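Colleague: My structure is in structure_27.cif, and what it holds is mmCIF, C-alpha atoms:
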```cif
data_my_file
#
loop_
_atom_site.label_atom_id
_atom_site.label_comp_id
_atom_site.auth_asym_id
_atom_site.auth_seq_id
_atom_site.Cartn_x
_atom_site.Cartn_y
_atom_site.Cartn_z
CA MET A 1 0.00 0.00 0.00
CA ALA A 2 1.15 3.57 -0.55
CA ALA A 3 2.72 5.43 2.32
CA ASN A 4 0.62 8.19 3.89
CA GLU A 5 2.85 10.79 5.43
CA VAL A 6 1.99 13.35 8.09
CA PRO A 7 4.05 15.29 10.59
CA SER A 8 4.71 13.14 13.58
CA GLU A 9 6.06 12.78 17.04
CA THR A 10 9.59 14.01 17.66
CA PRO A 11 11.92 12.67 20.30
CA SER A 12 12.04 16.20 21.73
CA GLU A 13 13.03 16.86 25.28
CA VAL A 14 11.01 14.84 27.69
CA ARG A 15 8.82 17.29 29.51
CA GLY A 16 9.03 17.18 33.25
CA GLU A 17 11.45 15.08 35.18
CA ALA A 18 11.55 11.36 34.35
CA ARG A 19 10.14 9.44 37.26
CA GLY A 20 11.39 5.92 37.90
CA GLU A 21 8.29 5.24 39.95
CA THR A 22 6.00 6.17 37.06
CA ARG A 23 7.86 3.85 34.70
CA ARG A 24 7.73 1.05 37.27
CA ARG A 25 3.95 1.33 37.54
CA ALA A 26 3.11 2.02 33.89
CA SER A 27 2.29 -1.60 33.03
CA ARG A 28 -0.54 -1.63 35.56
CA TYR A 29 -2.79 0.74 33.74
CA VAL A 30 -3.38 -0.10 30.09
CA VAL A 31 -2.25 -3.34 28.49
CA PRO A 32 -1.56 -1.95 24.98
CA VAL A 33 0.52 0.86 26.46
CA ALA A 34 2.37 -1.70 28.57
CA VAL A 35 3.19 -3.81 25.54
CA ALA A 36 4.47 -0.81 23.60
CA GLY A 37 6.47 0.41 26.59
CA VAL A 38 8.16 -2.91 27.23
CA ALA A 39 8.98 -3.17 23.55
CA ALA A 40 10.46 0.30 23.45
CA ALA A 41 12.54 -0.38 26.47
CA THR A 42 13.90 -3.65 25.05
CA ILE A 43 11.76 -6.45 23.71
CA GLY A 44 12.73 -8.65 20.94
CA LEU A 45 13.25 -10.52 17.80
CA VAL A 46 10.27 -11.54 15.69
CA PRO A 47 10.33 -14.22 12.97
CA ALA A 48 10.40 -13.11 9.35
CA LEU A 49 7.18 -12.07 7.65
CA ALA A 50 4.81 -14.83 6.65
CA ALA A 51 5.83 -16.80 3.59
CA ALA A 52 2.43 -16.14 2.03
CA GLY A 53 3.31 -12.45 1.80
CA ASP A 54 2.02 -9.31 3.41
CA PRO A 55 -1.71 -9.15 4.19
CA ASP A 56 -3.94 -6.99 1.96
CA LEU A 57 -5.53 -4.48 4.33
CA PRO A 58 -7.63 -1.34 3.80
CA GLU A 59 -5.80 1.97 3.42
CA ILE A 60 -5.23 3.88 6.67
CA THR A 61 -3.52 7.19 7.43
CA ALA A 62 -0.85 7.66 10.06
CA GLN A 63 -3.19 9.72 12.23
CA GLN A 64 -5.88 7.06 12.00
CA LEU A 65 -3.37 4.39 12.98
CA ILE A 66 -2.19 6.42 15.99
CA GLU A 67 -5.83 6.79 17.03
CA LYS A 68 -6.28 3.04 16.62
CA ILE A 69 -3.37 2.36 19.00
CA ALA A 70 -4.66 4.89 21.53
CA GLY A 71 -8.21 3.56 21.31
CA SER A 72 -7.30 -0.10 21.76
CA GLU A 73 -9.45 -1.76 24.38
CA THR A 74 -7.20 -4.79 24.77
CA GLN A 75 -7.12 -5.71 28.44
CA THR A 76 -6.19 -9.38 28.33
CA LEU A 77 -3.48 -11.29 26.51
CA SER A 78 -0.78 -13.90 26.83
CA GLY A 79 2.10 -14.67 24.56
CA THR A 80 5.77 -15.26 23.90
CA PHE A 81 8.29 -12.80 22.55
CA LYS A 82 12.04 -12.46 22.24
CA VAL A 83 14.25 -9.56 23.23
CA SER A 84 17.22 -8.74 21.04
CA THR A 85 19.22 -5.62 21.92
CA ASP A 86 22.43 -4.44 20.31
CA LEU A 87 23.74 -1.10 21.56
CA GLY A 88 27.20 -1.75 20.20
CA LEU A 89 28.58 -2.01 23.72
CA PRO A 90 31.18 -4.45 25.01
CA ALA A 91 30.02 -7.30 27.22
CA LEU A 92 28.24 -5.85 30.25
CA GLY A 93 29.10 -8.53 32.77
CA GLY A 94 31.87 -6.50 34.39
CA LEU A 95 29.78 -3.35 34.32
CA ALA A 96 26.91 -5.09 36.09
CA SER A 97 29.16 -6.19 38.91
CA GLY A 98 30.65 -2.73 39.15
CA LEU A 99 27.24 -1.08 39.35
CA GLY A 100 26.23 -3.63 41.95
CA GLY A 101 29.06 -2.33 44.09
CA LEU A 102 27.96 1.26 43.61
CA GLY A 103 24.48 0.48 44.82
CA GLY A 104 25.64 -1.28 47.95
CA GLY A 105 24.88 -4.64 46.35
CA ALA A 106 21.39 -5.93 45.75
CA SER A 107 19.90 -7.52 48.83
CA SER A 108 18.20 -10.09 46.59
CA THR A 109 19.06 -11.49 43.16
CA ALA A 110 15.29 -11.39 42.50
CA ASP A 111 15.13 -7.58 42.84
CA PRO A 112 13.61 -6.37 39.51
CA THR A 113 15.79 -3.24 39.43
CA GLN A 114 18.83 -5.50 39.19
CA LYS A 115 17.54 -8.47 37.20
CA LEU A 116 15.82 -6.65 34.35
CA THR A 117 19.02 -4.78 33.42
CA GLU A 118 19.99 -8.05 31.69
CA LEU A 119 17.57 -7.10 28.92
CA ALA A 120 19.93 -4.27 27.91
CA SER A 121 22.06 -6.67 25.87
CA GLY A 122 21.82 -9.96 24.04
CA THR A 123 18.75 -12.00 23.13
CA HIS A 124 16.18 -13.20 25.65
CA THR A 125 12.92 -15.13 25.45
CA LEU A 126 10.02 -13.91 27.57
CA ARG A 127 6.46 -14.93 28.35
CA LEU A 128 3.83 -12.28 29.06
CA ALA A 129 0.35 -12.53 30.53
CA ALA A 130 -2.03 -9.69 31.41
CA ASP A 131 -5.54 -9.45 32.83
CA GLY A 132 -6.44 -5.79 33.01
CA PRO A 133 -4.60 -3.13 35.02
CA GLU A 134 -4.36 -5.20 38.21
CA ARG A 135 -2.66 -8.39 37.04
CA GLN A 136 0.40 -8.90 34.86
CA LYS A 137 3.15 -11.50 34.71
CA LEU A 138 6.49 -11.38 32.91
CA THR A 139 8.75 -14.44 32.83
CA LEU A 140 12.33 -14.29 31.58
CA LEU A 141 13.56 -17.64 30.30
CA ASP A 142 17.32 -18.24 30.13
CA GLY A 143 18.13 -21.90 29.60
CA SER A 144 16.77 -23.99 32.43
CA ASP A 145 16.47 -20.98 34.74
CA GLU A 146 13.42 -18.75 35.05
CA TYR A 147 12.87 -15.29 36.44
CA SER A 148 9.26 -14.20 37.03
CA LEU A 149 7.86 -10.77 37.86
CA ILE A 150 4.21 -10.85 38.95
CA HIS A 151 1.84 -7.98 39.75
CA ASN A 152 -1.37 -9.22 41.38
CA GLY A 153 -3.55 -6.57 42.98
CA ASP A 154 -1.63 -4.92 45.81
CA ASP A 155 1.39 -7.21 45.55
CA VAL A 156 4.45 -7.41 43.34
CA TRP A 157 6.41 -10.66 43.51
CA ALA A 158 9.66 -11.54 41.78
CA TYR A 159 11.24 -15.00 41.82
CA ASP A 160 14.69 -16.10 40.65
CA SER A 161 14.77 -19.90 40.27
CA LYS A 162 18.56 -20.01 39.93
CA SER A 163 19.19 -18.57 43.41
CA ASN A 164 15.79 -19.62 44.85
CA GLU A 165 15.24 -16.04 46.05
CA VAL A 166 11.99 -14.06 46.22
CA PHE A 167 11.47 -10.28 46.22
CA HIS A 168 8.13 -8.93 47.51
CA GLU A 169 6.70 -5.43 47.59
CA LYS A 170 3.31 -4.21 48.85
CA GLY A 171 1.33 -1.16 47.75
CA ALA A 172 1.58 -1.81 44.01
CA SER A 173 -1.88 -0.37 43.31
CA GLU A 174 -1.39 2.96 45.09
CA GLY A 175 -1.52 6.25 43.25
CA PRO A 176 -2.64 5.49 39.67
CA GLU A 177 -5.44 8.05 39.49
CA ALA A 178 -3.19 11.12 39.53
CA GLU A 179 -1.02 9.66 36.79
CA ARG A 180 -4.03 8.74 34.66
CA LYS A 181 -5.28 12.33 34.76
CA GLU A 182 -2.12 13.47 32.99
CA LEU A 183 -3.05 11.43 29.89
CA PRO A 184 -5.22 12.77 27.04
CA ALA A 185 -8.86 11.81 27.52
CA THR A 186 -9.57 10.29 24.09
CA PRO A 187 -7.63 8.50 21.33
CA LYS A 188 -8.11 11.49 19.01
CA GLU A 189 -6.71 13.86 21.65
CA LEU A 190 -3.67 11.61 22.08
CA ALA A 191 -3.11 11.45 18.31
CA ASP A 192 -3.47 15.22 18.07
CA GLU A 193 -0.90 15.68 20.83
CA VAL A 194 1.55 13.34 19.08
CA LEU A 195 1.19 15.15 15.77
CA LYS A 196 1.33 18.60 17.37
CA ALA A 197 4.59 17.72 19.12
CA ALA A 198 6.18 16.68 15.85
CA GLY A 199 6.98 20.02 14.31
CA ASP A 200 9.09 19.83 11.17
CA THR A 201 11.70 17.40 12.48
CA THR A 202 9.85 14.10 12.05
CA SER A 203 7.71 12.19 9.60
CA ILE A 204 5.34 9.28 10.16
CA THR A 205 4.30 6.94 7.38
CA VAL A 206 2.06 3.91 7.22
CA ASP A 207 4.45 1.83 5.16
CA GLY A 208 2.96 -1.47 4.18
CA THR A 209 1.63 -4.39 6.19
CA ALA A 210 3.10 -7.46 7.89
CA LYS A 211 2.29 -10.76 9.56
CA VAL A 212 3.44 -10.79 13.20
CA ALA A 213 2.74 -13.81 15.40
CA GLY A 214 0.11 -14.88 12.87
CA ARG A 215 -1.73 -11.55 13.10
CA ASP A 216 -2.36 -9.01 10.31
CA ALA A 217 -0.63 -5.74 11.12
CA TYR A 218 -0.01 -2.25 9.75
CA GLN A 219 3.53 -0.90 9.85
CA LEU A 220 3.93 2.58 11.34
CA VAL A 221 7.33 4.07 10.47
CA ILE A 222 8.81 7.09 12.26
CA LYS A 223 11.91 8.78 10.83
CA PRO A 224 13.92 11.91 11.62
CA LYS A 225 14.02 14.58 8.94
CA GLN A 226 17.18 16.02 10.50
CA ALA A 227 20.71 14.98 9.61
CA GLY A 228 22.99 14.05 12.50
CA SER A 229 20.69 11.76 14.49
CA THR A 230 21.86 8.23 15.29
CA VAL A 231 18.29 7.01 14.76
CA ALA A 232 17.54 5.75 11.25
CA SER A 233 13.95 4.77 11.94
CA VAL A 234 11.45 3.43 14.44
CA LYS A 235 9.00 0.86 13.11
CA ILE A 236 5.94 -0.37 15.02
CA ALA A 237 3.71 -3.20 13.77
CA VAL A 238 0.14 -2.57 14.94
CA ASP A 239 -2.53 -5.27 15.10
CA ALA A 240 -5.01 -4.40 12.36
CA ALA A 241 -7.96 -5.79 14.33
CA ASN A 242 -7.48 -4.34 17.81
CA GLY A 243 -4.68 -1.73 17.66
CA THR A 244 -2.27 -3.54 19.99
CA PRO A 245 1.44 -2.96 19.20
CA LEU A 246 2.93 -6.34 18.23
CA LYS A 247 6.44 -5.47 17.16
CA PHE A 248 8.94 -2.64 17.71
CA THR A 249 12.16 -2.08 15.78
CA LEU A 250 14.65 0.74 16.42
CA SER A 251 17.37 1.00 13.78
CA SER A 252 20.61 2.98 13.88
CA VAL A 253 22.23 4.94 11.05
CA GLU A 254 25.24 2.68 11.57
CA GLY A 255 23.31 -0.16 9.97
CA GLY A 256 23.75 -3.80 10.94
CA LYS A 257 21.49 -5.35 13.55
CA PRO A 258 18.75 -3.08 14.94
CA VAL A 259 19.41 -1.47 18.31
CA VAL A 260 16.15 -3.07 19.44
CA ASP A 261 14.12 -5.56 17.41
CA ALA A 262 11.02 -6.45 19.33
CA GLY A 263 7.82 -8.35 19.05
CA PHE A 264 5.58 -11.28 19.80
CA THR A 265 6.25 -14.68 18.28
CA LYS A 266 2.94 -15.96 19.68
CA VAL A 267 -0.02 -14.03 21.12
CA ASP A 268 -3.53 -14.84 22.35
CA PHE A 269 -6.00 -12.15 23.46
CA ALA A 270 -8.15 -14.47 25.60
CA ARG A 271 -8.22 -13.89 29.37
CA PRO A 272 -5.48 -15.88 31.15
CA ASP A 273 -6.55 -18.16 33.98
CA ALA A 274 -6.38 -16.53 37.42
CA SER A 275 -3.92 -19.19 38.56
CA VAL A 276 -1.31 -17.67 36.22
CA PHE A 277 -0.97 -14.70 38.58
CA ALA A 278 -1.03 -16.65 41.86
CA PHE A 279 2.30 -16.91 43.66
CA GLU A 280 3.53 -18.66 46.78
CA ALA A 281 7.17 -18.56 47.81
CA PRO A 282 8.78 -21.99 47.29
CA LYS A 283 9.86 -23.87 50.37
CA GLY A 284 13.31 -22.82 51.54
CA ALA A 285 13.41 -19.69 49.36
CA LYS A 286 14.91 -16.51 50.79
CA VAL A 287 12.22 -13.79 50.82
CA THR A 288 13.22 -10.11 50.80
CA GLU A 289 10.66 -7.37 51.37
CA GLY A 290 10.97 -4.26 49.18
CA ALA A 291 11.59 -1.88 52.07
CA GLU A 292 14.46 -4.06 53.28
CA GLY A 293 16.05 -4.06 49.83
CA ALA A 294 15.84 -0.28 49.49
CA GLU A 295 17.35 0.19 52.94
CA GLU A 296 20.22 -2.18 52.16
CA ALA A 297 20.94 -0.61 48.77
CA ALA A 298 21.22 2.83 50.36
CA LYS A 299 24.12 1.90 52.64
CA PRO A 300 27.11 4.06 51.66
CA GLU A 301 29.82 1.81 53.04
CA LYS A 302 29.43 -0.53 50.08
CA LEU A 303 30.87 2.02 47.62
CA PRO A 304 34.24 1.09 46.10
CA GLU A 305 37.12 2.24 48.25
CA ASN A 306 38.11 5.88 47.67
CA PHE A 307 35.37 6.26 45.03
CA GLU A 308 34.18 9.69 46.21
CA LYS A 309 37.70 10.97 46.78
CA GLU A 310 39.33 9.72 43.58
CA PHE A 311 36.52 9.75 41.02
CA GLY A 312 33.99 12.21 42.36
CA LYS A 313 36.19 15.18 43.17
CA GLY A 314 35.33 18.29 41.26
CA PHE A 315 31.73 17.20 40.68
CA GLU A 316 30.18 18.97 43.68
CA ASP A 317 28.37 21.38 41.33
CA PHE A 318 27.50 18.73 38.77
CA GLY A 319 24.30 19.72 36.95
CA LYS A 320 24.40 23.47 37.56
CA GLY A 321 25.72 24.25 34.08
CA LEU A 322 23.19 22.28 32.01
CA ASN A 323 22.24 23.74 28.62
CA VAL A 324 20.32 22.35 25.65
CA ILE A 325 21.65 22.71 22.12
CA GLY A 326 19.46 22.18 19.06
CA GLU A 327 16.01 20.59 18.89
CA GLY A 328 14.17 17.47 17.91
CA TRP A 329 16.17 14.37 17.09
CA THR A 330 19.48 16.25 17.19
CA THR A 331 19.07 17.74 20.65
CA ILE A 332 22.32 17.78 22.63
CA ALA A 333 22.59 18.28 26.38
CA ARG A 334 25.69 20.24 27.37
CA LEU A 335 26.91 20.19 30.94
CA ASP A 336 29.79 22.30 32.23
CA THR A 337 31.17 20.55 35.30
CA GLY A 338 33.70 23.31 35.93
CA ALA A 339 36.42 20.74 36.51
CA PRO A 340 38.80 18.69 34.35
CA ALA A 341 37.25 15.44 33.19
CA PRO A 342 38.38 12.42 35.25
CA LYS A 343 40.88 10.17 33.51
CA THR A 344 40.31 6.48 32.99
CA GLU A 345 43.14 5.62 35.35
CA GLU A 346 41.40 7.63 38.09
CA ALA A 347 38.22 5.59 37.85
CA PRO A 348 37.49 2.69 40.19
CA LYS A 349 38.96 -0.54 38.86
CA GLU A 350 35.45 -1.88 38.25
CA PHE A 351 35.09 0.68 35.43
CA GLN A 352 38.54 1.00 33.91
CA GLY A 353 38.25 -1.85 31.40
CA LEU A 354 34.80 -0.68 30.34
CA LEU A 355 35.91 2.92 29.78
CA ASP A 356 38.92 1.78 27.73
CA SER A 357 36.80 -0.53 25.58
CA PHE A 358 34.34 2.02 24.19
CA GLY A 359 36.07 5.39 24.69
CA ASP A 360 37.91 7.09 21.79
CA GLU A 361 40.22 10.09 22.01
CA VAL A 362 39.04 13.00 19.82
CA THR A 363 40.37 16.48 19.08
CA GLY A 364 39.01 19.72 17.64
CA LYS A 365 38.87 23.46 18.19
CA PHE A 366 37.69 22.66 21.71
CA GLY A 367 40.97 20.90 22.45
CA SER A 368 40.84 17.20 23.24
CA GLY A 369 38.47 14.82 24.93
CA THR A 370 37.06 11.31 25.04
CA LEU A 371 34.07 10.10 23.03
CA PHE A 372 31.98 7.35 24.63
CA LYS A 373 29.91 5.73 21.92
CA THR A 374 27.00 3.36 21.42
CA LYS A 375 24.80 2.80 18.38
CA LEU A 376 22.17 5.10 19.90
CA VAL A 377 23.54 7.58 22.46
CA ASN A 378 26.98 9.18 22.34
CA ALA A 379 28.78 11.37 24.87
CA LEU A 380 31.81 13.63 24.51
CA LEU A 381 33.79 14.54 27.64
CA THR A 382 36.26 17.33 26.95
CA ASP A 383 39.43 17.73 28.95
CA ASP A 384 38.24 21.12 30.25
CA GLY A 385 35.24 19.51 31.97
CA LYS A 386 32.40 19.93 29.48
CA VAL A 387 30.07 17.05 28.67
CA TYR A 388 28.00 16.78 25.46
CA VAL A 389 25.39 14.00 25.28
CA GLY A 390 22.76 13.10 22.71
CA ALA A 391 21.32 10.53 20.31
CA VAL A 392 23.52 12.14 17.68
CA THR A 393 26.60 11.21 15.67
CA LYS A 394 30.20 11.79 16.70
CA ASP A 395 30.49 14.64 14.18
CA ALA A 396 27.44 16.37 15.66
CA LEU A 397 28.97 16.28 19.14
CA VAL A 398 32.35 17.54 17.89
CA ASP A 399 30.63 20.35 15.95
CA ALA A 400 28.71 21.37 19.08
CA ALA A 401 31.92 21.42 21.14
CA ASN A 402 33.77 23.39 18.44
CA ALA A 403 30.94 25.94 18.28
CA ASP A 404 31.52 26.73 21.96
CA LYS A 405 34.97 28.05 21.15
#
```
What is this file in C-alpha cells?
Modeller:
Amino acid sequence: MAANEVPSETPSEVRGEARGETRRRASRYVVPVAVAGVAAATIGLVPALAAAGDPDLPEITAQQLIEKIAGSETQTLSGTFKVSTDLGLPALGGLASGLGGLGGGASSTADPTQKLTELASGTHTLRLAADGPERQKLTLLDGSDEYSLIHNGDDVWAYDSKSNEVFHEKGASEGPEAERKELPATPKELADEVLKAAGDTTSITVDGTAKVAGRDAYQLVIKPKQAGSTVASVKIAVDAANGTPLKFTLSSVEGGKPVVDAGFTKVDFARPDASVFAFEAPKGAKVTEGAEGAEEAAKPEKLPENFEKEFGKGFEDFGKGLNVIGEGWTTIARLDTGAPAPKTEEAPKEFQGLLDSFGDEVTGKFGSGTLFKTKLVNALLTDDGKVYVGAVTKDALVDAANADK
C-alpha cells in the first residue's frame, strides 16, 4: 500500500522530570501501552514475515493508525516474545558487577531493578500474561532458569529460580489516578498531541503491512528529517484488528542489527486463567521485602574504596551548568562541570576496562576529549570539563563542542 505521510512525534526533550516510579507502575494501567512500553525499552526478535506475503488491508492514514493504538481496548493477553538488543557495547558482565558495588549490592538477586538490566544486551525469550490493570506477569527464560515478575492486585512478587530467592513489595496499586489524569482523555486527543509535538523534524508513514505472530498488522514508520541523528527509523507493527502494538524495531544509522528488534512470536488475546498470577514462595526460598532491599541498597559503606575521593572530586556542582543545544532528534545536552574530566586511570577498577573498551580520544577546536559511543547515544567529555550528550553522531557532538569556542 502507498505510504501516507503526516508530521509526527519528535523525540524532543522529555517534559518534566523522568520518574522511575511512574515507569515502574506504567504496566498496571493499560495493556496496549504496557506492551508498547516494554517493547520500546527492550523487547525482541520476531520471525520473518509470513511466507504467504504481506496481508492486503484497507488503506489507513498515520493519524488514523495512531488513534487506533490509543483507542485499543485490549485488556487481556498472553504470549511469547524475544528480546534482542544491540547497543554496540562491550560485554556488560563486568559493568553489572561494578554497578552492583555502587548500589551497595542488591539484597536479593530477585530484585527487579537488578535483574531486568539483563535485557539491555543480548537475546532473551520472555512470556507475558495480562488481565487488566491489576494483574500482569512477565517471565524471563534463560536456559533452564526462570525469572518471574508478577503484579497481582496490591502485591508485586519476583522469583529467581537459579538462586531460589523471592522479592516482595506491597502497595503496588497505590496512586494510579493522579497519573491517569495526565493522559489525554480520548484517542483522538492523544493522536493530536503526538502530531502537534512533531513540528518539522519528524515524519510518520504507514508503510505497508506485515504478519506478526500470525496476526495481520499495519507498519507505522517514524523517521527523523534532520541529519545528524543516530536514529535511522522506528517501526511499530500494529494489530489491524485491535490496535495492539505487536512489534517494535529501532534501527541505527550505523546499519547492521537493529538497536532493538522487538515483538511477539505468539499471542492470544483471551483472558489468562487466574492461577497464572497466583504466587507462593517456594519452600526454603529466601524472601526479601521491598523496604528491606531499598534500605540495604542505600548503605554508603558498600561504595568502592576511595570512590568519592578519587573519582567524584570536582563534581560537587554537577548539573548546575546544564544547557540544551538544538532541537528534535538532534538535541544535545551540554553540561559544564567546571572541573577537568576524570581520567580512565582515576576511575574505580570496576570501570577502567569498560571505559577503555568504548572510549575514543578525539580532538578539535575545543581541544581534546574522550568520546563514549553506542549505536544510539553518544557522549563527549572534553578535557576542560564539558560534557555533550545526545542521540547524535560523533560529528554532531564535535561540531557542538567546536561551536563553543
Colleague: Find, counting all atoms listed in the file, the residue in A:Thr139, A:Thr61, A:Ser144, A:Thr205 that gets nearest to Val276 (chain A).
Modeller: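 Smallest distance to Val276 (chain A) is found for A:Thr139.
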Colleague: Grab the CA of Asp54 (chain A) to CA of Tyr218 (chain A) distance for me, in Å with one decimal place.
Modeller: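 Taking CA of Asp54 (chain A) as the start and CA of Tyr218 (chain A) as the end point, the length is 9.7 Å.
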Colleague: Counting all atoms listed in the file, which residue out of A:Lys115, A:Lys170, A:Lys82, A:Lys68 sits closest to Glu289 (chain A)?
Modeller: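 Comparing A:Lys115, A:Lys170, A:Lys82, A:Lys68 against Glu289 (chain A), the winner is A:Lys170.
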Colleague: Spell out the residues picked by the PyMOL selection byres ((chain A and resi 336) around 7) here, as a list in words.
Modeller: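 When the PyMOL selection byres ((chain A and resi 336) around 7) is applied to the shown file, the picked residues are Gly321, Leu322, Arg334, Leu335, Thr337, Gly338, Gly385, Lys386 and Val387 of chain A.
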Colleague: Kindly give the distance, in Å, that separates CA of Asp273 (chain A) and CA of Glu118 (chain A), rounded to a single decimal.
Modeller: 28.5 Å
Colleague: Could you tell me how far CA of Lys137 (chain A) lies from CA of Asp268 (chain A), in Å and to one decimal?
Modeller: 14.4 Å
Colleague: For Gly390 (chain A), work out the shell of residues within 12 Å, counting only C-alpha atoms and skipping chain neighbours fewer than 5 positions away, then give it as a PyMOL selection string.
Modeller: chain A and resi 11-13+228-231+324-335+371-380+395-398+400
Colleague: Please write the residues from the selection above to a file, keeping C-alpha atoms, as a JSON list (two decimals), in the coordinates of the input.
Modeller:
```json
[["chain", "number", "residue", "atom", "x", "y", "z"],
["A", 11, "PRO", "CA", 11.92, 12.67, 20.30],
["A", 12, "SER", "CA", 12.04, 16.20, 21.73],
["A", 13, "GLU", "CA", 13.03, 16.86, 25.28],
["A", 228, "GLY", "CA", 22.99, 14.05, 12.50],
["A", 229, "SER", "CA", 20.69, 11.76, 14.49],
["A", 230, "THR", "CA", 21.86, 8.23, 15.29],
["A", 231, "VAL", "CA", 18.29, 7.01, 14.76],
["A", 324, "VAL", "CA", 20.32, 22.35, 25.65],
["A", 325, "ILE", "CA", 21.65, 22.71, 22.12],
["A", 326, "GLY", "CA", 19.46, 22.18, 19.06],
["A", 327, "GLU", "CA", 16.01, 20.59, 18.89],
["A", 328, "GLY", "CA", 14.17, 17.47, 17.91],
["A", 329, "TRP", "CA", 16.17, 14.37, 17.09],
["A", 330, "THR", "CA", 19.48, 16.25, 17.19],
["A", 331, "THR", "CA", 19.07, 17.74, 20.65],
["A", 332, "ILE", "CA", 22.32, 17.78, 22.63],
["A", 333, "ALA", "CA", 22.59, 18.28, 26.38],
["A", 334, "ARG", "CA", 25.69, 20.24, 27.37],
["A", 335, "LEU", "CA", 26.91, 20.19, 30.94],
["A", 371, "LEU", "CA", 34.07, 10.10, 23.03],
["A", 372, "PHE", "CA", 31.98, 7.35, 24.63],
["A", 373, "LYS", "CA", 29.91, 5.73, 21.92],
["A", 374, "THR", "CA", 27.00, 3.36, 21.42],
["A", 375, "LYS", "CA", 24.80, 2.80, 18.38],
["A", 376, "LEU", "CA", 22.17, 5.10, 19.90],
["A", 377, "VAL", "CA", 23.54, 7.58, 22.46],
["A", 378, "ASN", "CA", 26.98, 9.18, 22.34],
["A", 379, "ALA", "CA", 28.78, 11.37, 24.87],
["A", 380, "LEU", "CA", 31.81, 13.63, 24.51],
["A", 395, "ASP", "CA", 30.49, 14.64, 14.18],
["A", 396, "ALA", "CA", 27.44, 16.37, 15.66],
["A", 397, "LEU", "CA", 28.97, 16.28, 19.14],
["A", 398, "VAL", "CA", 32.35, 17.54, 17.89],
["A", 400, "ALA", "CA", 28.71, 21.37, 19.08]]
```
Colleague: Which residue out of A:Lys283, A:Lys405, A:Lys235, A:Lys196 has the minimum interatomic distance to Gln219 (chain A) when only C-alpha atoms are used?
Modeller: A:Lys235
Colleague: Name every residue that the PyMOL selection byres ((chain A and resi 208) around 12) selects in this structure, writing the answer as a VMD selection string with chains first and numbers rising.
Modeller: chain A and resid 1 to 4 49 53 to 62 205 to 207 209 to 211 216 to 221 235 to 238 240
Colleague: Restricting the output to C-alpha atoms, write the selected residues as an mmCIF file, keeping the file's coordinate frame.
Modeller:
```
data_model
loop_
_atom_site.group_PDB
_atom_site.id
_atom_site.type_symbol
_atom_site.label_atom_id
_atom_site.label_comp_id
_atom_site.auth_asym_id
_atom_site.auth_seq_id
_atom_site.Cartn_x
_atom_site.Cartn_y
_atom_site.Cartn_z
ATOM 1 C CA MET A 1 0.000 0.000 0.000
ATOM 2 C CA ALA A 2 1.150 3.570 -0.550
ATOM 3 C CA ALA A 3 2.720 5.430 2.320
ATOM 4 C CA ASN A 4 0.620 8.190 3.890
ATOM 5 C CA LEU A 49 7.180 -12.070 7.650
ATOM 6 C CA GLY A 53 3.310 -12.450 1.800
ATOM 7 C CA ASP A 54 2.020 -9.310 3.410
ATOM 8 C CA PRO A 55 -1.710 -9.150 4.190
ATOM 9 C CA ASP A 56 -3.940 -6.990 1.960
ATOM 10 C CA LEU A 57 -5.530 -4.480 4.330
ATOM 11 C CA PRO A 58 -7.630 -1.340 3.800
ATOM 12 C CA GLU A 59 -5.800 1.970 3.420
ATOM 13 C CA ILE A 60 -5.230 3.880 6.670
ATOM 14 C CA THR A 61 -3.520 7.190 7.430
ATOM 15 C CA ALA A 62 -0.850 7.660 10.060
ATOM 16 C CA THR A 205 4.300 6.940 7.380
ATOM 17 C CA VAL A 206 2.060 3.910 7.220
ATOM 18 C CA ASP A 207 4.450 1.830 5.160
ATOM 19 C CA THR A 209 1.630 -4.390 6.190
ATOM 20 C CA ALA A 210 3.100 -7.460 7.890
ATOM 21 C CA LYS A 211 2.290 -10.760 9.560
ATOM 22 C CA ASP A 216 -2.360 -9.010 10.310
ATOM 23 C CA ALA A 217 -0.630 -5.740 11.120
ATOM 24 C CA TYR A 218 -0.010 -2.250 9.750
ATOM 25 C CA GLN A 219 3.530 -0.900 9.850
ATOM 26 C CA LEU A 220 3.930 2.580 11.340
ATOM 27 C CA VAL A 221 7.330 4.070 10.470
ATOM 28 C CA LYS A 235 9.000 0.860 13.110
ATOM 29 C CA ILE A 236 5.940 -0.370 15.020
ATOM 30 C CA ALA A 237 3.710 -3.200 13.770
ATOM 31 C CA VAL A 238 0.140 -2.570 14.940
ATOM 32 C CA ALA A 240 -5.010 -4.400 12.360
#
```
Colleague: Let me know the residues the PyMOL selection byres ((chain A and resi 149-160) around 10) catches in the file above, as a PyMOL selection string.
Modeller: chain A and resi 25+27-28+108-112+115-116+128-131+133-140+145-148+161-174+274+276-282+285-290
